[in-house]
file final-v8.txt (compact mmCIF, C-alpha atoms (C1' of nucleotides))
# COMPACT_ATOMS: atom_id res chain seq x y z
CA MET A 47 -14.51 -3.70 -49.69
CA ASN A 48 -11.58 -4.20 -47.34
CA GLN A 49 -11.91 -6.09 -44.09
CA ILE A 50 -11.95 -3.09 -41.81
CA LYS A 51 -14.71 -1.39 -43.76
CA GLN A 52 -16.64 -4.61 -43.79
CA PHE A 53 -16.22 -5.05 -40.04
CA GLN A 54 -17.50 -1.52 -39.42
CA SER A 55 -20.37 -1.84 -41.83
CA LEU A 56 -21.60 -5.15 -40.43
CA LEU A 57 -21.26 -3.95 -36.84
CA LEU A 58 -22.92 -0.57 -37.37
CA ASN A 59 -25.82 -2.06 -39.30
CA TRP A 60 -26.35 -4.53 -36.50
CA TYR A 61 -26.15 -1.72 -33.94
CA ASP A 62 -28.76 0.32 -35.79
CA GLU A 63 -31.21 -2.53 -35.52
CA TYR A 64 -30.37 -4.21 -32.21
CA GLY A 65 -28.10 -1.96 -30.16
CA ARG A 66 -29.08 -0.28 -26.91
CA LYS A 67 -30.09 3.34 -27.22
CA ASP A 68 -32.13 3.96 -24.09
CA LEU A 69 -29.75 3.61 -21.16
CA PRO A 70 -29.99 6.57 -18.79
CA TRP A 71 -26.41 7.63 -19.50
CA GLN A 72 -26.70 7.56 -23.29
CA VAL A 73 -26.75 11.32 -23.56
CA GLU A 74 -24.39 13.94 -24.93
CA ASP A 75 -23.27 14.97 -21.48
CA SER A 76 -19.75 14.03 -20.51
CA TYR A 77 -20.51 14.40 -16.81
CA LEU A 78 -23.21 11.75 -16.94
CA VAL A 79 -21.19 9.50 -19.23
CA TRP A 80 -18.25 9.78 -16.87
CA ILE A 81 -20.26 8.90 -13.75
CA SER A 82 -21.74 5.91 -15.52
CA GLU A 83 -18.36 4.71 -16.79
CA ILE A 84 -16.87 4.78 -13.32
CA MET A 85 -19.81 2.86 -11.90
CA LEU A 86 -19.64 0.37 -14.74
CA GLN A 87 -16.04 -0.57 -14.00
CA GLN A 88 -16.22 -4.28 -13.16
CA THR A 89 -19.89 -3.83 -12.41
CA GLN A 90 -22.85 -5.03 -14.43
CA VAL A 91 -25.26 -2.69 -16.18
CA SER A 92 -28.31 -3.99 -14.34
CA LYS A 93 -26.67 -3.28 -11.00
CA VAL A 94 -25.59 0.24 -11.97
CA ILE A 95 -28.88 1.71 -13.15
CA ASP A 96 -30.39 2.42 -9.72
CA TYR A 97 -27.11 3.69 -8.29
CA PHE A 98 -26.64 5.97 -11.27
CA ASN A 99 -30.10 7.51 -10.97
CA ALA A 100 -29.72 8.10 -7.26
CA PHE A 101 -26.29 9.60 -7.77
CA ILE A 102 -27.24 12.15 -10.40
CA ALA A 103 -30.35 13.10 -8.46
CA LYS A 104 -28.10 14.02 -5.54
CA PHE A 105 -25.21 15.39 -7.58
CA PRO A 106 -26.66 16.66 -10.87
CA SER A 107 -23.57 18.56 -11.94
CA MET A 108 -19.81 18.62 -11.69
CA LYS A 109 -19.97 21.61 -9.36
CA ALA A 110 -22.47 19.97 -7.04
CA LEU A 111 -20.22 16.94 -6.81
CA ALA A 112 -17.10 19.00 -6.24
CA GLN A 113 -18.72 20.84 -3.36
CA ALA A 114 -19.95 17.67 -1.63
CA GLU A 115 -18.34 16.03 1.35
CA VAL A 116 -16.48 12.93 0.25
CA HIS A 117 -18.41 10.86 2.74
CA ASP A 118 -21.71 11.86 1.15
CA VAL A 119 -20.33 10.62 -2.15
CA LEU A 120 -19.23 7.39 -0.54
CA SER A 121 -22.60 6.82 1.07
CA LEU A 122 -24.22 6.73 -2.36
CA TRP A 123 -21.72 4.02 -3.21
CA SER A 124 -22.77 1.71 -0.34
CA GLY A 125 -23.07 -1.82 -1.68
CA LEU A 126 -21.54 -1.05 -5.06
CA GLY A 127 -18.00 -2.08 -4.14
CA TYR A 128 -14.56 -0.80 -5.12
CA TYR A 129 -15.06 2.26 -2.96
CA ASN A 130 -11.95 4.04 -4.16
CA ARG A 131 -13.98 4.75 -7.27
CA ALA A 132 -16.12 7.10 -5.19
CA ARG A 133 -13.13 8.86 -3.68
CA ASN A 134 -11.57 9.27 -7.11
CA ILE A 135 -14.77 10.58 -8.63
CA HIS A 136 -14.88 13.24 -5.94
CA LYS A 137 -11.21 14.18 -6.39
CA THR A 138 -11.64 14.40 -10.13
CA ALA A 139 -14.68 16.66 -9.77
CA GLN A 140 -12.63 19.02 -7.63
CA ILE A 141 -9.72 19.01 -10.05
CA CYS A 142 -11.99 19.69 -13.02
CA THR A 143 -13.72 22.48 -11.17
CA GLN A 144 -10.37 24.11 -10.45
CA LYS A 145 -8.52 23.46 -13.68
CA TYR A 146 -11.13 22.98 -16.38
CA LYS A 147 -14.06 25.28 -15.55
CA ALA A 148 -16.10 22.41 -14.13
CA GLN A 149 -15.90 20.41 -17.36
CA LEU A 150 -14.11 17.21 -18.19
CA PRO A 151 -11.26 17.91 -20.61
CA ILE A 152 -11.78 16.76 -24.20
CA ASP A 153 -8.33 15.24 -24.45
CA LEU A 154 -7.22 11.67 -23.94
CA LYS A 155 -4.04 12.41 -22.01
CA GLN A 156 -5.66 14.99 -19.79
CA LEU A 157 -8.52 12.62 -19.02
CA MET A 158 -6.16 9.76 -18.22
CA ALA A 159 -4.28 11.99 -15.79
CA LEU A 160 -7.42 12.29 -13.66
CA PRO A 161 -7.94 9.93 -10.71
CA GLY A 162 -9.91 6.83 -11.62
CA ILE A 163 -9.81 7.39 -15.38
CA GLY A 164 -7.76 4.95 -17.42
CA LYS A 165 -7.56 4.45 -21.14
CA THR A 166 -10.89 2.68 -21.50
CA THR A 167 -12.86 5.15 -19.43
CA ALA A 168 -11.20 8.09 -21.20
CA GLY A 169 -11.99 6.54 -24.58
CA ALA A 170 -15.57 5.92 -23.51
CA ILE A 171 -16.05 9.52 -22.40
CA LEU A 172 -14.63 10.93 -25.63
CA SER A 173 -16.43 8.55 -27.95
CA LEU A 174 -19.79 8.26 -26.22
CA ALA A 175 -20.24 11.87 -25.13
CA SER A 176 -18.43 13.67 -27.95
CA ASN A 177 -18.43 11.11 -30.77
CA LEU A 178 -14.65 11.24 -31.11
CA PRO A 179 -12.76 8.24 -32.58
CA PHE A 180 -11.15 6.78 -29.47
CA ALA A 181 -11.31 3.05 -28.86
CA ILE A 182 -12.21 1.28 -25.65
CA LEU A 183 -11.24 -2.17 -24.40
CA ASP A 184 -13.70 -3.41 -21.85
CA GLY A 185 -14.60 -7.04 -21.25
CA ASN A 186 -17.08 -7.05 -24.12
CA VAL A 187 -14.73 -5.62 -26.70
CA LYS A 188 -12.02 -8.01 -25.57
CA ARG A 189 -14.27 -11.00 -26.03
CA VAL A 190 -15.44 -9.98 -29.49
CA MET A 191 -11.96 -9.15 -30.76
CA SER A 192 -10.43 -12.21 -29.17
CA ARG A 193 -12.86 -14.41 -31.09
CA VAL A 194 -12.97 -12.59 -34.40
CA TYR A 195 -9.17 -12.51 -34.64
CA LYS A 196 -8.36 -15.54 -32.49
CA VAL A 197 -6.16 -13.71 -30.02
CA ASN A 198 -5.26 -15.80 -27.00
CA ASP A 199 -1.74 -14.93 -25.93
CA ARG A 200 -0.88 -16.35 -22.55
CA LYS A 201 1.09 -13.25 -21.73
CA VAL A 202 -1.46 -10.72 -20.53
CA SER A 203 0.49 -7.70 -21.72
CA GLN A 204 0.80 -9.10 -25.23
CA TYR A 205 -2.83 -10.16 -25.27
CA SER A 206 -4.01 -6.72 -24.22
CA LYS A 207 -1.70 -4.93 -26.63
CA LYS A 208 -3.04 -6.88 -29.60
CA LEU A 209 -6.64 -6.31 -28.63
CA TRP A 210 -6.12 -2.56 -28.22
CA LEU A 211 -4.60 -2.42 -31.68
CA LEU A 212 -7.55 -4.28 -33.19
CA ALA A 213 -10.08 -2.07 -31.42
CA GLU A 214 -8.26 1.01 -32.72
CA GLN A 215 -7.68 -0.26 -36.26
CA ASN A 216 -11.34 -1.12 -36.70
CA MET A 217 -12.61 2.16 -35.23
CA SER A 218 -15.14 3.93 -37.43
CA GLN A 219 -14.04 7.50 -38.08
CA GLN A 220 -17.58 8.37 -39.11
CA ARG A 221 -19.51 6.87 -36.20
CA PRO A 222 -17.19 6.38 -33.20
CA LYS A 223 -19.96 6.44 -30.62
CA ASN A 224 -22.05 3.81 -32.35
CA TYR A 225 -18.98 1.70 -33.10
CA ASN A 226 -18.01 1.47 -29.43
CA GLN A 227 -21.55 1.06 -28.24
CA GLY A 228 -22.14 -1.57 -30.92
CA LEU A 229 -19.11 -3.59 -29.85
CA MET A 230 -20.21 -3.52 -26.23
CA ASP A 231 -23.79 -4.43 -27.08
CA LEU A 232 -22.69 -7.23 -29.37
CA GLY A 233 -20.44 -8.56 -26.64
CA SER A 234 -23.11 -8.42 -23.97
CA GLN A 235 -26.06 -9.65 -26.03
CA VAL A 236 -24.66 -11.99 -28.71
CA CYS A 237 -20.96 -12.70 -28.28
CA VAL A 238 -21.50 -13.81 -24.69
CA ARG A 239 -19.00 -15.81 -22.69
CA SER A 240 -20.58 -19.21 -22.80
CA LYS A 241 -22.69 -20.44 -25.71
CA PRO A 242 -22.42 -17.34 -27.87
CA LEU A 243 -25.41 -16.79 -30.18
CA CYS A 244 -23.40 -17.03 -33.39
CA ASN A 245 -26.50 -17.54 -35.50
CA GLU A 246 -27.50 -14.00 -34.57
CA CYS A 247 -24.06 -12.48 -35.04
CA PRO A 248 -23.33 -10.09 -37.93
CA LEU A 249 -19.60 -10.84 -37.81
CA THR A 250 -19.54 -14.58 -38.48
CA VAL A 251 -18.23 -14.05 -42.02
CA LEU A 252 -15.14 -12.45 -40.45
CA CYS A 253 -14.95 -14.40 -37.21
CA GLN A 254 -11.96 -16.73 -37.21
CA ALA A 255 -13.04 -18.58 -34.09
CA TYR A 256 -16.46 -19.17 -35.63
CA GLN A 257 -14.93 -20.41 -38.89
CA THR A 258 -12.99 -23.11 -37.06
CA ASN A 259 -15.75 -23.81 -34.55
CA GLU A 260 -13.58 -22.75 -31.63
CA THR A 261 -15.56 -19.93 -30.06
CA GLU A 262 -15.46 -21.71 -26.72
CA LEU A 263 -11.66 -21.49 -26.72
CA TYR A 264 -11.75 -17.69 -26.85
CA PRO A 265 -11.19 -15.53 -24.95
CA PRO A 266 -8.59 -17.42 -22.88
CA LYS A 267 -9.54 -18.00 -19.27
CA GLN A 268 -8.25 -15.46 -16.80
CA THR A 269 -5.69 -16.73 -14.36
CA LYS A 270 -7.71 -17.08 -11.23
CA ILE A 271 -6.67 -15.23 -8.14
CA LYS A 272 -6.18 -17.10 -4.92
CA GLN A 273 -8.73 -16.18 -2.31
CA ILE A 274 -7.28 -15.90 1.15
CA ALA A 275 -9.41 -16.85 4.15
CA VAL A 276 -9.76 -14.11 6.74
CA THR A 277 -11.72 -14.09 9.97
CA LEU A 278 -13.17 -10.91 11.43
CA THR A 279 -14.65 -10.86 14.90
CA THR A 280 -17.12 -8.06 15.43
CA LEU A 281 -19.49 -6.73 18.03
CA LEU A 282 -23.15 -6.19 17.31
CA SER A 283 -24.81 -3.75 19.67
CA VAL A 284 -28.37 -2.63 19.02
CA GLN A 285 -30.39 -0.41 21.32
CA ASP A 286 -33.48 1.67 20.68
CA ASN A 287 -33.29 0.94 16.94
CA LYS A 288 -29.76 2.22 16.90
CA ILE A 289 -26.65 0.29 15.97
CA LEU A 290 -23.12 0.89 17.13
CA LEU A 291 -20.78 1.49 14.20
CA ARG A 292 -17.11 2.21 13.88
CA GLN A 293 -15.31 3.78 10.96
CA ARG A 294 -12.68 1.46 9.53
CA LYS A 295 -9.08 2.45 8.99
CA ASN A 296 -8.04 3.89 5.68
CA THR A 297 -6.30 0.84 4.29
CA GLY A 298 -7.38 -2.67 3.41
CA ILE A 299 -10.87 -4.07 3.13
CA TRP A 300 -13.69 -1.52 3.22
CA ALA A 301 -11.24 1.29 3.92
CA GLY A 302 -12.91 4.23 5.61
CA LEU A 303 -16.36 2.65 5.62
CA TRP A 304 -18.63 2.20 8.62
CA PHE A 305 -18.94 -1.29 9.99
CA LEU A 306 -19.32 -3.13 13.28
CA PRO A 307 -16.49 -2.56 15.76
CA GLU A 308 -13.89 -5.23 15.15
CA LEU A 309 -11.84 -7.00 17.79
CA ASN A 310 -8.24 -6.96 16.75
CA ASN A 311 -6.56 -7.19 20.08
CA LYS A 312 -5.87 -10.77 21.16
CA ASN A 313 -6.88 -10.16 24.74
CA GLU A 314 -10.18 -8.67 23.73
CA LEU A 315 -10.77 -11.63 21.52
CA ILE A 316 -10.00 -14.23 24.17
CA LYS A 317 -12.14 -12.40 26.67
CA ALA A 318 -15.00 -12.28 24.26
CA LYS A 319 -14.74 -15.95 23.47
CA LYS A 320 -14.65 -16.92 27.12
CA GLN A 321 -17.63 -14.80 27.79
CA HIS A 322 -19.76 -16.04 24.97
CA GLY A 323 -18.41 -19.51 24.41
CA ASP A 324 -19.64 -21.01 21.21
CA GLU A 325 -22.53 -18.66 20.92
CA LEU A 326 -20.98 -16.74 18.10
CA PHE A 327 -22.99 -16.14 15.03
CA SER A 328 -20.80 -16.77 12.04
CA LEU A 329 -21.36 -15.52 8.56
CA ARG A 330 -19.52 -16.07 5.31
CA HIS A 331 -18.91 -13.20 2.94
CA VAL A 332 -16.92 -13.57 -0.25
CA LEU A 333 -14.90 -10.82 -1.90
CA SER A 334 -12.96 -11.21 -5.10
CA HIS A 335 -9.71 -11.76 -3.23
CA ARG A 336 -10.79 -12.79 0.27
CA ILE A 337 -13.13 -15.28 1.84
CA LEU A 338 -14.33 -13.62 4.99
CA THR A 339 -15.67 -15.39 8.01
CA ILE A 340 -17.38 -12.74 10.06
CA ASN A 341 -17.97 -13.71 13.66
CA VAL A 342 -20.65 -11.63 15.31
CA ILE A 343 -20.81 -11.32 19.06
CA LYS A 344 -23.60 -9.66 20.98
CA PRO A 345 -21.72 -8.20 23.95
CA ALA A 346 -23.36 -8.79 27.31
CA HIS A 347 -22.41 -5.38 28.66
CA GLU A 348 -20.95 -2.07 27.66
CA ILE A 349 -17.82 -2.14 25.56
CA ALA A 350 -15.06 0.40 25.43
CA LEU A 351 -15.79 2.90 22.70
CA THR A 352 -13.24 4.66 20.61
CA ASP A 353 -13.81 8.24 19.60
CA THR A 354 -14.94 7.21 16.14
CA ASP A 355 -17.71 4.95 17.36
CA LYS A 356 -21.20 6.13 16.74
CA TRP A 357 -24.72 5.04 17.55
CA VAL A 358 -26.55 5.22 14.26
CA ALA A 359 -30.31 4.96 13.85
CA ILE A 360 -30.93 1.97 11.64
CA LYS A 361 -33.23 4.09 9.50
CA GLN A 362 -30.34 6.50 8.95
CA LEU A 363 -27.92 3.82 7.87
CA SER A 364 -27.95 5.00 4.26
CA LYS A 365 -26.22 8.20 5.34
CA TYR A 366 -23.19 6.17 6.40
CA ALA A 367 -21.05 4.56 3.74
CA HIS A 368 -21.05 0.85 4.49
CA PRO A 369 -20.37 -2.47 2.79
CA SER A 370 -23.15 -4.85 1.84
CA ALA A 371 -21.94 -7.25 4.53
CA LEU A 372 -23.34 -4.89 7.15
CA VAL A 373 -26.76 -5.08 5.54
CA LYS A 374 -26.47 -8.85 5.50
CA ILE A 375 -25.70 -8.95 9.21
CA LEU A 376 -28.48 -6.55 10.05
CA ASP A 377 -30.95 -8.61 8.04
CA ALA A 378 -29.98 -11.71 9.98
CA TYR A 379 -30.39 -9.81 13.22
CA GLN A 380 -33.82 -8.51 12.33
CA LYS A 381 -34.92 -11.99 11.37
CA GLY A 382 -33.89 -13.15 14.82
CA LEU A 383 -31.04 -15.33 13.55
CA ILE A 384 -28.50 -13.52 15.70
C1' DA B 1370 4.22 -7.80 -14.27
C1' DA B 1371 1.49 -8.83 -10.39
C1' DT B 1372 -1.64 -7.63 -6.78
C1' DG B 1373 -5.46 -5.17 -4.19
C1' DC B 1374 -9.97 -3.78 -4.40
C1' DG B 1375 -16.76 -5.64 -3.72
C1' DG B 1376 -20.39 -7.52 -4.85
C1' DG B 1377 -23.31 -10.20 -7.47
C1' DG B 1378 -25.28 -12.35 -11.87
C1' DA B 1379 -25.03 -16.36 -14.88
C1' DT B 1380 -24.23 -21.07 -15.45
C1' DA C 712 -18.57 -23.90 -7.20
C1' DT C 713 -16.59 -21.23 -11.05
C1' DC C 714 -16.19 -17.44 -14.04
C1' DC C 715 -16.26 -12.75 -14.92
C1' DC C 716 -18.45 -8.10 -15.22
C1' DA C 717 -18.45 -0.75 -19.64
C1' DG C 718 -10.96 -1.37 -14.90
C1' DC C 719 -7.73 1.37 -12.32
C1' DA C 720 -4.03 2.31 -9.05
C1' DT C 721 -0.28 0.75 -6.66
C1' DT C 722 3.50 -2.18 -5.85
call {"tool": "encode", "arguments": {"input": "final-v8.txt", "output": "structure tokens"}}
result
Amino acid sequence: MNQIKQFQSLLLNWYDEYGRKDLPWQVEDSYLVWISEIMLQQTQVSKVIDYFNAFIAKFPSMKALAQAEVHDVLSLWSGLGYYNRARNIHKTAQICTQKYKAQLPIDLKQLMALPGIGKTTAGAILSLASNLPFAILDGNVKRVMSRVYKVNDRKVSQYSKKLWLLAEQNMSQQRPKNYNQGLMDLGSQVCVRSKPLCNECPLTVLCQAYQTNETELYPPKQTKIKQIAVTLTTLLSVQDNKILLRQRKNTGIWAGLWFLPELNNKNELIKAKKQHGDELFSLRHVLSHRILTINVIKPAHEIALTDTDKWVAIKQLSKYAHPSALVKILDAYQKGLI
DNA sequence: AATGCGGGGAT
DNA sequence: ATCCCAGCATT
């Protein structure tokens, strides 16, 4: 038996016994697979499950999603992060409704042309929903392939190119869906980042990193991004169980989301500091690329409102797309810390 | 080829 | 505190 056949056979047998088969998006429905794949981009399975269920309850079909207001789509994304995913999902639903009779196309190139769908997500949709032999290269597959074949090129493009080729070469033509799902499950349950459970792995006979006892050297560490410190100064106004929110501009952090009004103007800022002295509540909030210090001021009297400001009942907050930092601030307020 | 984009779980 | 997660789009 050649190596590729052996790889497939070992993986698929392991999948049959230990793989996941009960996730809510493991269905032959490309719409549901698609929604899940978008949510799962850089986001862990455990975090996605509740968001996914709420999303499909509200938007059970492509048409329902296409007809929605984009802000209603965004509001279901509150706290999930990478909010452009929600905008893209909405755009794609509208495109598919227009061009493809409210179905996702069953074609790699056509899928990849849609907003928010890259090669991995397209491959996942085709393989998981339609059992077609298209590979994927998510973090799990990368880790498994990097170890089995000892791929650790410093050059990211070269590294990625090699891993794609391996994922494609090893693809099972008979069981594409189970092959991809098996690789992901193996990566998330056995071939984990630190202290992989090699004694439970079906691929040790093929795994080059295991053979030389170097699993900890693979995959190579990602070059870490520098986190830039940023300070936001915001106003917290609460009256009659309502909170004053302002919609953020369409670029940068939390683009288009609702948050506390922010003081950008230097004069406003100086005035506010004079007025409140050191009595600012300060909160730290970390993003992948920024370390935010959020100063929160409770203004003593009325502030100038812009036309996008809105008093929102705290109970209605879920209707307004907002970052998790807002929830954090509100929690602190309700505990009396602010 | 590099950077922007959220939030949180695991260690 | 560090690493990275079912990545993609833009620069």
call {"tool": "interface_residues", "arguments": {"input": "final-v8.txt", "of": "chain B", "to": "chain A", "cutoff": "7 Å", "atoms": "all atoms listed in the file", "output": "compact mmCIF listing (two decimals) with C-alpha atoms (C1' of nucleotides), in the frame of the given file"}}
result
# COMPACT_ATOMS: atom_id res chain seq x y z
C1' DC B 1374 -9.97 -3.78 -4.40
C1' DG B 1375 -16.76 -5.64 -3.72
C1' DG B 1376 -20.39 -7.52 -4.85
call {"tool": "closest_residue", "arguments": {"input": "final-v8.txt", "among": "A:Lys241, A:Lys361, A:Lys208, A:Lys270", "to": "chain C", "atoms": "all atoms listed in the file"}}
result
A:Lys270
call {"tool": "atom_distance", "arguments": {"input": "final-v8.txt", "atom1": "atom C1' of DA1379 of chain B", "atom2": "atom CA of Ile102 of chain A"}}
result
28.9 Å
call {"tool": "closest_residue", "arguments": {"input": "final-v8.txt", "among": "A:Gln204, A:Gln149, A:Gln227, A:Gln49", "to": "chain C", "atoms": "only C-alpha atoms (C1' of nucleotides)"}}
result
A:Gln227
call {"tool": "closest_atom_pairs", "arguments": {"input": "final-v8.txt", "of": "chain C", "to": "chain A", "cutoff": "6 Å", "atoms": "only C-alpha atoms (C1' of nucleotides)", "output": "CSV"}}
result
residue,atom,partner,partner_atom,distance
C:DC716,C1',A:Gln88,CA,4.9
C:DA717,C1',A:Leu86,CA,5.2
C:DG718,C1',A:Gln87,CA,5.2
C:DC719,C1',A:Gly162,CA,5.9
call {"tool": "closest_residue", "arguments": {"input": "final-v8.txt", "among": "A:Gln235, A:Ser218, A:Asn99, A:Asn296", "to": "Leu69 of chain A", "atoms": "only C-alpha atoms"}}
result
A:Asn99
call {"tool": "atom_distance", "arguments": {"input": "final-v8.txt", "atom1": "atom CA of Lys67 of chain A", "atom2": "atom CA of Asp96 of chain A"}}
result
17.5 Å
call {"tool": "atom_distance", "arguments": {"input": "final-v8.txt", "atom1": "atom CA of Leu263 of chain A", "atom2": "atom CA of Gly169 of chain A"}}
result
28.1 Å
call {"tool": "closest_residue", "arguments": {"input": "final-v8.txt", "among": "A:Ser283, A:Asn134, A:Asn310, A:Thr297", "to": "DA720 of chain C", "atoms": "all atoms listed in the file"}}
result
A:Asn134
call {"tool": "closest_residue", "arguments": {"input": "final-v8.txt", "among": "A:Ala367, A:Met191, A:Leu111, A:Leu249", "to": "Leu291 of chain A", "atoms": "only C-alpha atoms"}}
result
A:Ala367
call {"tool": "residues_around", "arguments": {"input": "final-v8.txt", "residues": "segment 328-330 of chain A", "least_positions_apart": "4", "cutoff": "10 Å", "atoms": "only C-alpha atoms (C1' of nucleotides)", "output": "count of residues only"}}
result
15
call {"tool": "axis_aligned_box", "arguments": {"input": "final-v8.txt", "around": "segment 119-131 of chain A", "padding_each_side": "6 Å", "output": "JSON"}}
result
{"center_x": -18.1, "center_y": 4.3, "center_z": -3.1, "size_x": 24.3, "size_y": 24.7, "size_z": 20.3}
call {"tool": "residues_around", "arguments": {"input": "final-v8.txt", "residues": "DT721 of chain C", "least_positions_apart": "5", "cutoff": "12 Å", "atoms": "only C-alpha atoms (C1' of nucleotides)", "output": "PyMOL selection string"}}
result
chain B and resi 1371-1374
call {"tool": "write_last_selection", "arguments": {"input": "final-v8.txt", "atoms": "C-alpha atoms (C1' of nucleotides)", "output": "PDB file, in the frame of the given file"}}
result
ATOM      1  C1'  DA B1371       1.490  -8.830 -10.390  1.00  0.00           C
ATOM      2  C1'  DT B1372      -1.640  -7.630  -6.780  1.00  0.00           C
ATOM      3  C1'  DG B1373      -5.460  -5.170  -4.190  1.00  0.00           C
ATOM      4  C1'  DC B1374      -9.970  -3.780  -4.400  1.00  0.00           C
TER       5       DC B1374
END
